[in-house]
Amino acid sequence: MSIVPKRPRRAAVPKVIAGPSRYLDDRLGAAGFAKRNLRKIFPDHWSFLLGEIALYSFVILLLTGTFLTFWFKPSMQEVTYSGPYAPLLGVEMSGAYASTMEISFEVRGGLLMRQIHHWAALLFVAGLMVHMLRVFFTGAYRKPREINWLIGITLLALSLAEGLTGYSLPDDLLSGAGLRIAQGVLLSIPLVGTFLSFFLFGGEYPGDDVITRFYALHILLIPGILLALISAHLVLMWVQKHTQMPGKGRTNMNVVGGPFLPSFMAKSGAYFLFTLAVVAGLATFAQINPVWLYGPYTPADISAGSQPDWYLGFMEGALRIMPSLELNALGFTWPLNVFIPAFIPLGIILVGLVLYPFLEQWITGDRREHHIADRPRNNPHRTSIGVAAITFYVVLLLLGANDVISANFQISLYATTWFGRVAIFVGPLIAYIVTYKICLGLQRRDAGMIGHGVETGVIKRLGHGEYIELHAPAADDIEAHVEGREPIAMLTAPEPGEEVPPVRARGPLGRLRTRMSRTYGEAMVPIEHEPHGGDGEAAPERETEPSG
């Protein structure tokens with residue numbers, strides 16, 4: 001008599017997934033697609049939520065921006081103010097500024113919506129930058145995610161343009177000063193600068209069309225492109241699956257975390273509400289962009305201490321520390337003191353971000369797929385380059401307020417400016433060296449923890465009188481996190497006496513590439529396991545999230 005083994009029963013599908021799946025299948029035949037994607041696994045490391053800050057801020061921007069369009073009038077036609085704000089009664093101003101005043105003082109909830117919109121814009125750019133830094137420092141831009149990395153860089157560049165156009169719409173004295181700088185930057189472009197300025201402003205500065213044209217860019221063109229790119233970014237992330245930090249049970253072939261529904265959706269929904277609460281709280285209690293204090297813009301008026309929003313402050317700083325420099329040739333004057341600071345720093349950052357994944361791939365020869373993210377300390381050169389770039393940006397950002405710093409700290413403006421001119425070159429170099437040393441030090445600490453164990457605080461006296469501290473093996477999850485690092489790929493150098501070196505190592509460029517590859521890849525401290533000097537017990541094994 002033979003016994004037929006029973007087929008194991010399939011786990012019941014949760015009702016929260018079965019219901020929507022059945023509904024879609026009855027109408028679209030999409031049950032398989034829904035079941036597969038509603039159970040998609042997302043890692044739960046805190047750093048993966050940074051990109052969601054930018055996403056939720058963008059949603060808030062769309063909602064509040066739609067509200068503001070009902071009352072804002074993108075007109076530069078002069079009107080006489082007759083609203084409730086007494087200090088400006090009878091003052092001539094543009095229709096754009098008058099409608100901004102109306103939104104602020106006469107539309108119920110208008111000022112709150114204005115301030116939510118402005119704070120969300122600042123948070124959107126900040127979220128994008130921090131998210132890109134996380135991707136850069138962990139190497140999440142590597143194959144197969146190069147296209148998504150390029151989409152992210154495009155989103156960053158467009159967000160700067162979106163911020164500039166929105167910042168200029170109220171046509172107040174502060175934003176007008178920014179527009180004057182933008183016009184000077186356009187004029188510094190050789191050959192076509194004058195034509196671009198006339199096209200944007202509709203004639204001689206300030207013209208009659210710039211607010212109308214910025215309004216179209218701000219509410220239609222740029223948001224449409226942003227929405228399309230964000231959608232493409234999310235689709236690619238969904239298809240390629242998320243990267244994850246190294247740890248127990250985590251490999252390049254799985255994802256450890258929680259399912260999309262209900263785990264990720266619940267956390268994501270709560271995170272959106274938390275983001276909205278923070279932005280609304282800032283808009284309620286922290287005043288921003290009080291245009292009624294600045295007054296309407298007129299080209300003849302100026303103001304002291306004018307600062308752009310923080311994400312454009314680096315360009316202001318570059319303009320302030322640049323020495324006076326012009327090039328005169330063939331009857332033309334090229335103002336390099338405007339062109340260089342306006343385009344070169346931003347160009348260095350954006351072009352560097354675009355090229356870095358491909359330069360790293362060329363240097364290391366690594367064409368594998370990577371789904372395990374690096375800890376920043378485990379790639380010291382990449383981390384040092386990133387910190388040097390941040391230092392470059394921060395120095396320019398601080399020097400955008402050199403007059404404010406000088407006035408408040410009683411420092412000569414010339415000394416502040418010359419400090420910036422030196423620090424812009426020396427600062428990134430120092431940051432690179434210090435960061436590289438810190439990364440190696442952290443690697444040595446990890447190697448010591450794995451090799452010698454964790455200090456227990458228990459002192460033991462040996463037979464010959466020596467005192468030692470007992471060490472215990474690191475907990476399994478910590479050990480897996482540390483040892484989950486992947487070695488940096490390196491090109492093999494030609495062996496001594498080898499008659500025919502590999503093709504990639506031939507010629508000056510090939511030899512340079514091989515040396516760079518060895519330098520880039522050897523910056524890892526080896527981990528050696530040694531017996532633990534004591535009787536300490538290992539930490540208990542920890543549970544892991546389900547993989548998928």
# chains A, B, ... in the order shown; residues from 1 in each chain; ligands from 1
call {"tool": "residues_around", "arguments": {"residues": "Pro376 of chain A", "least_positions_apart": "2", "cutoff": "10 Å", "atoms": "only C-alpha atoms", "output": "tab-separated table (two decimals) with N, CA, C and O atoms, in the first residue's frame"}}
result
chain	number	residue	atom	x	y	z
A	134	ARG	N	22.30	60.14	-0.90
A	134	ARG	CA	22.20	58.76	-0.42
A	134	ARG	C	22.51	57.77	-1.55
A	134	ARG	O	23.26	56.80	-1.36
A	136	PHE	N	24.33	58.36	-4.20
A	136	PHE	CA	25.74	58.46	-4.56
A	136	PHE	C	26.62	57.75	-3.55
A	136	PHE	O	27.47	56.93	-3.91
A	137	PHE	N	26.44	58.05	-2.27
A	137	PHE	CA	27.33	57.49	-1.25
A	137	PHE	C	27.19	55.98	-1.10
A	137	PHE	O	28.12	55.32	-0.66
A	138	THR	N	26.04	55.42	-1.45
A	138	THR	CA	25.85	53.97	-1.36
A	138	THR	C	26.09	53.25	-2.68
A	138	THR	O	25.96	52.03	-2.74
A	139	GLY	N	26.43	54.00	-3.74
A	139	GLY	CA	26.69	53.37	-5.03
A	139	GLY	C	25.45	52.81	-5.69
A	139	GLY	O	25.54	51.91	-6.53
A	373	ALA	N	23.58	47.79	-1.58
A	373	ALA	CA	24.19	49.12	-1.49
A	373	ALA	C	25.47	49.06	-0.65
A	373	ALA	O	25.61	48.21	0.24
A	374	ASP	N	26.40	49.95	-0.94
A	374	ASP	CA	27.64	50.05	-0.17
A	374	ASP	C	27.42	50.91	1.07
A	374	ASP	O	26.66	51.89	1.03
A	378	ASN	N	33.02	51.96	3.09
A	378	ASN	CA	33.67	50.87	2.36
A	378	ASN	C	34.11	51.26	0.96
A	378	ASN	O	34.66	50.44	0.24
A	379	ASN	N	33.86	52.49	0.55
A	379	ASN	CA	34.40	53.01	-0.70
A	379	ASN	C	34.95	54.41	-0.40
A	379	ASN	O	34.31	55.42	-0.71
A	380	PRO	N	36.12	54.49	0.24
A	380	PRO	CA	36.61	55.78	0.74
A	380	PRO	C	36.79	56.85	-0.32
A	380	PRO	O	36.52	58.03	-0.06
A	381	HIS	N	37.26	56.47	-1.52
A	381	HIS	CA	37.49	57.49	-2.53
A	381	HIS	C	36.18	58.11	-3.01
A	381	HIS	O	36.08	59.33	-3.15
A	382	ARG	N	35.17	57.28	-3.24
A	382	ARG	CA	33.87	57.81	-3.66
A	382	ARG	C	33.29	58.72	-2.58
A	382	ARG	O	32.80	59.82	-2.88
A	383	THR	N	33.34	58.28	-1.34
A	383	THR	CA	32.80	59.07	-0.24
A	383	THR	C	33.56	60.39	-0.10
A	383	THR	O	32.96	61.45	0.13
A	384	SER	N	34.87	60.34	-0.26
A	384	SER	CA	35.68	61.56	-0.14
A	384	SER	C	35.36	62.54	-1.26
A	384	SER	O	35.30	63.76	-1.04
A	386	GLY	N	32.48	62.80	-2.78
A	386	GLY	CA	31.17	63.37	-2.46
A	386	GLY	C	31.25	64.44	-1.40
A	386	GLY	O	30.62	65.50	-1.52
A	439	CYS	N	37.09	57.30	6.82
A	439	CYS	CA	36.57	56.05	6.25
A	439	CYS	C	37.48	54.87	6.57
A	439	CYS	O	37.01	53.79	6.96
call {"tool": "residues_around", "arguments": {"residues": "Lys73 of chain A", "least_positions_apart": "2", "cutoff": "6 Å", "atoms": "only C-alpha atoms", "output": "VMD selection string"}}
result
chain A and resid 75 96 99
call {"tool": "residues_around", "arguments": {"residues": "Ser306 of chain A", "least_positions_apart": "4", "cutoff": "9 Å", "atoms": "only C-alpha atoms", "output": "MDAnalysis selection string"}}
result
chainID A and resid 174 177:178 302 401
call {"tool": "residues_around", "arguments": {"residues": "Gln443 of chain A", "least_positions_apart": "3", "cutoff": "8 Å", "atoms": "only C-alpha atoms", "output": "list in words"}}
result
Arg377, Asn378, Cys439, Leu440, Asp446, Ala447, Met524 and Val525 of chain A
call {"tool": "write_last_selection", "arguments": {"atoms": "C-alpha atoms", "output": "PDB file, in the first residue's frame"}}
result
ATOM      1  CA  ARG A 377      33.016  53.885   4.581  1.00  0.00           C
ATOM      2  CA  ASN A 378      33.666  50.873   2.360  1.00  0.00           C
ATOM      3  CA  CYS A 439      36.566  56.052   6.245  1.00  0.00           C
ATOM      4  CA  LEU A 440      39.715  53.990   6.763  1.00  0.00           C
ATOM      5  CA  ASP A 446      34.722  47.223  11.895  1.00  0.00           C
ATOM      6  CA  ALA A 447      37.614  44.847  11.228  1.00  0.00           C
ATOM      7  CA  MET A 524      39.705  48.566   1.844  1.00  0.00           C
ATOM      8  CA  VAL A 525      40.912  47.278   5.200  1.00  0.00           C
TER       9      VAL A 525
END
call {"tool": "closest_residue", "arguments": {"among": "A:Leu359, A:Ile468, A:Met132, A:Leu68", "to": "Leu111 of chain A", "atoms": "only C-alpha atoms"}}
result
A:Leu68
